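Report on the structure given below.
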Amino acid sequence: MEAKLEGKRVPQASLGNKLEHKRKKRYKQPWILHFMVLPAAIMVFIFSYIPMSGILMAFQDYKPALGFFNSEWVGLKHFRYMWENDYFLQITWNTLFFACSKIVMNLIIPFVFALLLNEVRKMALKRTIQTLVYLPHFLSWVTLSGILIDILAQTGIVNQFLVSVFGIKPIFFLGDGNWFRFTVIASDVWKEFGFNTIIFLAALSGINPSLYEAAEVDGAGRWKQTIYITIPALIPIGIVIATLALGNVLNANFDQIFNLYSPLIYQQADIIDTFVYREGLLSGQFSFATAVNLFKSVISLILIVISYRLAYRFAGYRIF
């Protein structure tokens, strides 16, 4: 058989060889780029894959002096104890409460704020507001926790304001379980909603201006343009953010909780990650802590797979 290549008739076998040669050549050309990735790949292998051998501790009565190979194998003992432990159910509920509340609030508030900021016509003012709300995202929770502890203390500026203006008793924001939950969710939203706002603003910039022009010609005001053009355009990216956040439903932000909570409120504030830290590193219960963390990792993996499936099905979003 023959085929045409650049106006010439050449055998099919010859055409296949030339295409294969071009494909190999294209692969070999960026070899230096692949080589540049090698150090990062080695680091990931050393720090992310090799430590996975520690999963064995979840099925052993691990003793550091005996090591992985000589410690007693106990099977699912730690997993059974985990499910029979009422406190584990409590910290699971705390984790879900914190994570789900943050996901919902970090979706609704940036969505509304992006709509409001999009109505600002002075670009200098718009950029200033955007920068101010985005700035806390770059601060670590160690820094922010120190600030929050100072201003929310019983003698802090917030309580002084409440006492002087409203005449109420000082609120123990970080020592009362219910107020602590509110503080954690509110402070996380304050820190992160600026970042999600930028995502929604980027989606707004992709809306075709002719849609607004056509709506204005038809007599639609700013409110109706927002209802029928802006909001429907933001819904797909909102679906993507919500579904991808599903994979983090068991991650309630260890850094934030660890730097803000205290033994007074363990019952209402303790989450899976802080519990694993105390049991594993402070109490030396390495096997039990590993079993708890392995359970969390497996559930998170399942949720991540489900979230990417949902994102692709409802919003056409996919990574590969």
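How things are named: the first chain in the structure tokens is A, the next is B, and so on; residues count from 1 in each chain; ligands count from 1 in the order shown.
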Residues of range 128-272 of chain A in helix (DSSP H, G or I) according to DSSP, as a CSV table (one decimal) with C-alpha atoms, in the first residue's frame?
```csv
chain,number,residue,atom,x,y,z
A,128,THR,CA,-6.7,47.9,46.8
A,129,ILE,CA,-9.6,45.9,48.3
A,130,GLN,CA,-8.5,42.8,46.5
A,131,THR,CA,-5.0,43.1,47.8
A,132,LEU,CA,-6.1,43.7,51.4
A,133,VAL,CA,-8.4,40.6,51.5
A,134,TYR,CA,-5.8,38.5,49.8
A,135,LEU,CA,-2.9,39.4,52.2
A,136,PRO,CA,-3.9,37.2,55.2
A,137,HIS,CA,-3.5,34.1,52.9
A,138,PHE,CA,0.3,34.6,52.9
A,141,TRP,CA,-1.1,30.1,61.3
A,142,VAL,CA,1.7,30.5,63.8
A,143,THR,CA,1.8,34.2,63.2
A,144,LEU,CA,-2.0,34.6,63.0
A,145,SER,CA,-2.6,32.4,66.1
A,146,GLY,CA,-0.4,34.7,68.1
A,147,ILE,CA,-2.4,37.7,66.9
A,148,LEU,CA,-5.7,36.0,67.6
A,149,ILE,CA,-4.6,34.9,71.1
A,150,ASP,CA,-3.7,38.5,72.0
A,151,ILE,CA,-6.8,40.2,70.6
A,152,LEU,CA,-9.3,37.6,71.8
A,157,ILE,CA,-9.0,44.5,72.5
A,158,VAL,CA,-12.1,42.7,71.4
A,159,ASN,CA,-13.4,42.0,74.9
A,160,GLN,CA,-12.5,45.5,76.0
A,161,PHE,CA,-14.6,46.8,73.2
A,162,LEU,CA,-17.5,44.5,74.0
A,163,VAL,CA,-17.4,45.5,77.7
A,164,SER,CA,-17.1,49.3,77.1
A,165,VAL,CA,-19.7,49.5,74.3
A,166,PHE,CA,-22.2,46.8,75.1
A,177,GLY,CA,-15.8,25.0,73.4
A,178,ASN,CA,-18.7,26.6,71.5
A,179,TRP,CA,-17.0,30.0,71.1
A,180,PHE,CA,-13.8,28.2,70.0
A,181,ARG,CA,-15.6,26.5,67.2
A,182,PHE,CA,-17.0,29.9,66.0
A,183,THR,CA,-13.6,31.5,66.3
A,184,VAL,CA,-11.9,28.7,64.3
A,185,ILE,CA,-14.3,28.9,61.4
A,186,ALA,CA,-14.5,32.7,61.3
A,187,SER,CA,-10.7,33.1,61.4
A,188,ASP,CA,-10.2,30.5,58.7
A,189,VAL,CA,-12.7,32.3,56.4
A,190,TRP,CA,-11.0,35.6,57.1
A,191,LYS,CA,-7.6,34.1,56.2
A,192,GLU,CA,-8.7,32.2,53.0
A,193,PHE,CA,-11.7,33.9,51.4
A,194,GLY,CA,-9.5,36.4,49.6
A,195,PHE,CA,-7.8,33.6,47.7
A,196,ASN,CA,-11.1,32.0,46.6
A,197,THR,CA,-12.4,35.4,45.6
A,198,ILE,CA,-9.6,35.7,43.1
A,199,ILE,CA,-10.7,32.4,41.5
A,200,PHE,CA,-14.2,33.7,41.1
A,201,LEU,CA,-13.0,37.1,39.8
A,202,ALA,CA,-10.9,35.2,37.2
A,203,ALA,CA,-14.1,33.4,36.1
A,204,LEU,CA,-15.9,36.7,35.9
A,205,SER,CA,-13.2,38.1,33.6
A,209,PRO,CA,-19.0,41.5,27.5
A,210,SER,CA,-21.4,41.3,24.6
A,211,LEU,CA,-23.8,39.3,26.9
A,212,TYR,CA,-24.1,42.3,29.2
A,213,GLU,CA,-24.5,44.7,26.2
A,214,ALA,CA,-27.3,42.6,24.8
A,215,ALA,CA,-29.0,42.4,28.2
A,216,GLU,CA,-28.7,46.2,28.6
A,217,VAL,CA,-30.2,46.8,25.2
A,222,ARG,CA,-27.5,45.5,36.9
A,223,TRP,CA,-29.5,43.3,39.2
A,224,LYS,CA,-31.0,41.2,36.4
A,225,GLN,CA,-27.7,41.0,34.6
A,226,THR,CA,-26.2,39.6,37.8
A,227,ILE,CA,-29.0,37.1,38.2
A,228,TYR,CA,-29.2,35.8,34.6
A,229,ILE,CA,-25.6,36.3,33.4
A,230,THR,CA,-23.0,36.6,36.2
A,231,ILE,CA,-24.3,34.0,38.6
A,232,PRO,CA,-24.8,31.2,36.0
A,233,ALA,CA,-21.3,31.9,34.7
A,234,LEU,CA,-19.9,31.4,38.2
A,235,ILE,CA,-21.8,28.2,39.0
A,236,PRO,CA,-19.4,25.8,37.1
A,237,ILE,CA,-16.3,27.1,38.9
A,238,GLY,CA,-18.2,27.0,42.2
A,239,ILE,CA,-19.1,23.3,41.5
A,240,VAL,CA,-15.4,22.6,40.8
A,241,ILE,CA,-14.2,24.2,44.0
A,242,ALA,CA,-16.9,22.5,46.1
A,243,THR,CA,-16.3,19.0,44.6
A,244,LEU,CA,-12.5,19.3,44.9
A,245,ALA,CA,-12.9,20.4,48.5
A,246,LEU,CA,-14.7,17.1,49.2
A,247,GLY,CA,-11.3,15.4,49.3
A,248,ASN,CA,-10.3,17.5,52.2
A,254,PHE,CA,-3.9,20.9,61.9
A,255,ASP,CA,-1.8,24.1,62.0
A,256,GLN,CA,-4.8,26.3,63.0
A,257,ILE,CA,-6.3,24.0,65.7
A,258,PHE,CA,-2.9,23.0,67.2
A,259,ASN,CA,-1.9,26.7,67.7
A,260,LEU,CA,-5.2,27.8,69.1
A,263,PRO,CA,-6.6,21.0,77.1
A,264,LEU,CA,-9.7,22.9,78.4
A,265,ILE,CA,-11.5,22.3,75.1
A,266,TYR,CA,-10.2,19.0,73.8
A,267,GLN,CA,-13.7,17.6,73.8
A,268,GLN,CA,-15.0,20.3,71.4
A,269,ALA,CA,-11.8,21.2,69.6
A,272,ILE,CA,-8.0,13.5,64.0
```
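Looking only at range 44-251 of chain A, the set that DSSP places in strand (DSSP E) from backbone geometry is Gln60, Asp61, Glu72 and Trp73 of chain A.
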Would you mind exporting N, CA, C and O atoms of the selected residues as an mmCIF file, in the first residue's frame?
```cif
data_model
loop_
_atom_site.group_PDB
_atom_site.id
_atom_site.type_symbol
_atom_site.label_atom_id
_atom_site.label_comp_id
_atom_site.auth_asym_id
_atom_site.auth_seq_id
_atom_site.Cartn_x
_atom_site.Cartn_y
_atom_site.Cartn_z
ATOM 1 N N GLN A 60 1.006 -3.709 63.843
ATOM 2 C CA GLN A 60 1.965 -4.275 64.788
ATOM 3 C C GLN A 60 1.811 -3.615 66.159
ATOM 4 O O GLN A 60 1.225 -2.546 66.288
ATOM 5 N N ASP A 61 2.364 -4.279 67.157
ATOM 6 C CA ASP A 61 2.562 -3.638 68.452
ATOM 7 C C ASP A 61 3.991 -3.107 68.412
ATOM 8 O O ASP A 61 4.920 -3.696 68.972
ATOM 9 N N GLU A 72 5.839 -7.295 67.361
ATOM 10 C CA GLU A 72 4.765 -8.293 67.322
ATOM 11 C C GLU A 72 3.656 -7.867 66.363
ATOM 12 O O GLU A 72 3.196 -6.734 66.380
ATOM 13 N N TRP A 73 3.233 -8.822 65.524
ATOM 14 C CA TRP A 73 2.154 -8.576 64.567
ATOM 15 C C TRP A 73 0.810 -8.813 65.256
ATOM 16 O O TRP A 73 0.545 -9.880 65.779
#
```
For this session: Mind checking which residues fall within 12 Å of Leu89 in chain A, counting only C-alpha atoms, ignoring those fewer than 2 positions away in the same chain, and posting them as a VMD selection string?
Result: chain A and resid 81 to 87 91 to 96 267 to 268 270 to 272 275 292
Problem set entry | Non-local contacts of range 43-53 of chain A (12 Å; only C-alpha atoms; under 3 positions in same chain excluded) as a list in words |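 These residues fall inside the cut-off: Val37, Leu38, Pro39, Ala40, Leu56, Met57, Ala58, Phe59, Gly67, Phe68, Phe69, Thr290, Asn293, Leu294 and Ser297 of chain A.
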Write out the residues from the selection above, keeping N, CA, C and O atoms, as a short mmCIF file (atom, residue, chain, number, x, y, z; two decimals), in the first residue's frame.
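Saved to again_4.cif:
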```
data_model
loop_
_atom_site.label_atom_id
_atom_site.label_comp_id
_atom_site.auth_asym_id
_atom_site.auth_seq_id
_atom_site.Cartn_x
_atom_site.Cartn_y
_atom_site.Cartn_z
N VAL A 37 13.67 17.97 36.25
CA VAL A 37 12.63 17.48 37.16
C VAL A 37 13.18 16.40 38.09
O VAL A 37 12.61 16.14 39.16
N LEU A 38 14.30 15.78 37.72
CA LEU A 38 14.83 14.65 38.47
C LEU A 38 15.07 14.96 39.95
O LEU A 38 14.68 14.15 40.81
N PRO A 39 15.69 16.08 40.33
CA PRO A 39 15.88 16.33 41.77
C PRO A 39 14.57 16.37 42.54
O PRO A 39 14.48 15.83 43.65
N ALA A 40 13.55 17.00 41.97
CA ALA A 40 12.25 17.05 42.64
C ALA A 40 11.64 15.67 42.77
O ALA A 40 11.05 15.32 43.81
N LEU A 56 3.16 -0.25 58.17
CA LEU A 56 3.23 -1.54 58.86
C LEU A 56 2.96 -1.40 60.36
O LEU A 56 2.44 -2.33 61.00
N MET A 57 3.28 -0.25 60.93
CA MET A 57 3.08 -0.07 62.37
C MET A 57 1.62 -0.18 62.78
O MET A 57 1.31 -0.53 63.92
N ALA A 58 0.71 0.11 61.85
CA ALA A 58 -0.72 0.04 62.17
C ALA A 58 -1.16 -1.39 62.46
O ALA A 58 -2.18 -1.60 63.12
N PHE A 59 -0.39 -2.36 61.99
CA PHE A 59 -0.76 -3.77 62.16
C PHE A 59 0.18 -4.48 63.14
O PHE A 59 0.18 -5.70 63.22
N GLY A 67 12.09 -2.54 66.07
CA GLY A 67 12.00 -2.22 64.65
C GLY A 67 10.79 -2.84 63.98
O GLY A 67 9.98 -3.53 64.60
N PHE A 68 10.68 -2.62 62.67
CA PHE A 68 9.54 -3.11 61.91
C PHE A 68 9.48 -4.64 61.86
O PHE A 68 8.41 -5.24 61.92
N PHE A 69 10.62 -5.27 61.72
CA PHE A 69 10.64 -6.70 61.42
C PHE A 69 10.55 -7.58 62.67
O PHE A 69 10.22 -8.76 62.56
N THR A 290 -0.80 5.43 64.14
CA THR A 290 -0.66 5.09 62.73
C THR A 290 -1.95 4.50 62.17
O THR A 290 -2.35 4.79 61.04
N ASN A 293 -4.40 7.34 61.61
CA ASN A 293 -4.03 8.16 60.45
C ASN A 293 -4.20 7.38 59.15
O ASN A 293 -4.55 7.97 58.11
N LEU A 294 -3.98 6.07 59.17
CA LEU A 294 -4.18 5.26 57.97
C LEU A 294 -5.66 5.23 57.60
O LEU A 294 -6.02 5.32 56.42
N SER A 297 -6.40 8.47 55.94
CA SER A 297 -5.80 8.56 54.61
C SER A 297 -6.61 7.77 53.58
O SER A 297 -6.81 8.23 52.45
#
```
Can you tell me which residues surround Val305 in chain A at a distance of at most 12 Å, considering only C-alpha atoms, apart from same-chain residues fewer than 2 positions away, and format the answer as an mmCIF file with C-alpha atoms, in the first residue's frame?
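What ended up in out08.cif:
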```
data_model
loop_
_atom_site.group_PDB
_atom_site.id
_atom_site.type_symbol
_atom_site.label_atom_id
_atom_site.label_comp_id
_atom_site.auth_asym_id
_atom_site.auth_seq_id
_atom_site.Cartn_x
_atom_site.Cartn_y
_atom_site.Cartn_z
ATOM 1 C CA THR A 243 -16.284 19.006 44.627
ATOM 2 C CA LEU A 244 -12.502 19.269 44.886
ATOM 3 C CA ALA A 245 -12.864 20.415 48.497
ATOM 4 C CA LEU A 246 -14.661 17.135 49.215
ATOM 5 C CA GLY A 247 -11.299 15.371 49.265
ATOM 6 C CA ASN A 248 -10.250 17.541 52.242
ATOM 7 C CA VAL A 298 -7.852 5.752 53.033
ATOM 8 C CA ILE A 299 -11.113 7.673 53.458
ATOM 9 C CA SER A 300 -9.496 10.833 52.061
ATOM 10 C CA LEU A 301 -8.220 8.922 49.021
ATOM 11 C CA ILE A 302 -11.704 7.584 48.313
ATOM 12 C CA LEU A 303 -13.202 11.077 48.670
ATOM 13 C CA SER A 307 -14.591 14.484 43.988
ATOM 14 C CA TYR A 308 -12.650 14.369 40.717
ATOM 15 C CA ARG A 309 -15.319 12.153 39.188
ATOM 16 C CA LEU A 310 -18.010 14.620 40.251
ATOM 17 C CA ALA A 311 -16.004 17.608 39.016
ATOM 18 C CA TYR A 312 -15.632 16.001 35.598
ATOM 19 C CA ARG A 318 -10.269 17.084 34.727
ATOM 20 C CA ILE A 319 -6.527 17.069 35.372
#
```
Exercise. Using only C-alpha atoms, which of the listed residues (A:Ala65, A:Ile171, A:Asn251, A:Glu279) sits closest to Ile103 in chain A?
Worked result: A:Asn251
Problem set entry | Pairwise distance for CA of Ala114 in chain A and CA of Ser140 in chain A, rounded to one decimal in Å |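 Going from CA of Ala114 in chain A over to CA of Ser140 in chain A covers 24.0 Å.
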For this session: Calculate how many Å separate CA of Leu174 in chain A from CA of Tyr261 in chain A, rounding to one decimal.
Result: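 Those two atoms sit 6.8 Å apart.
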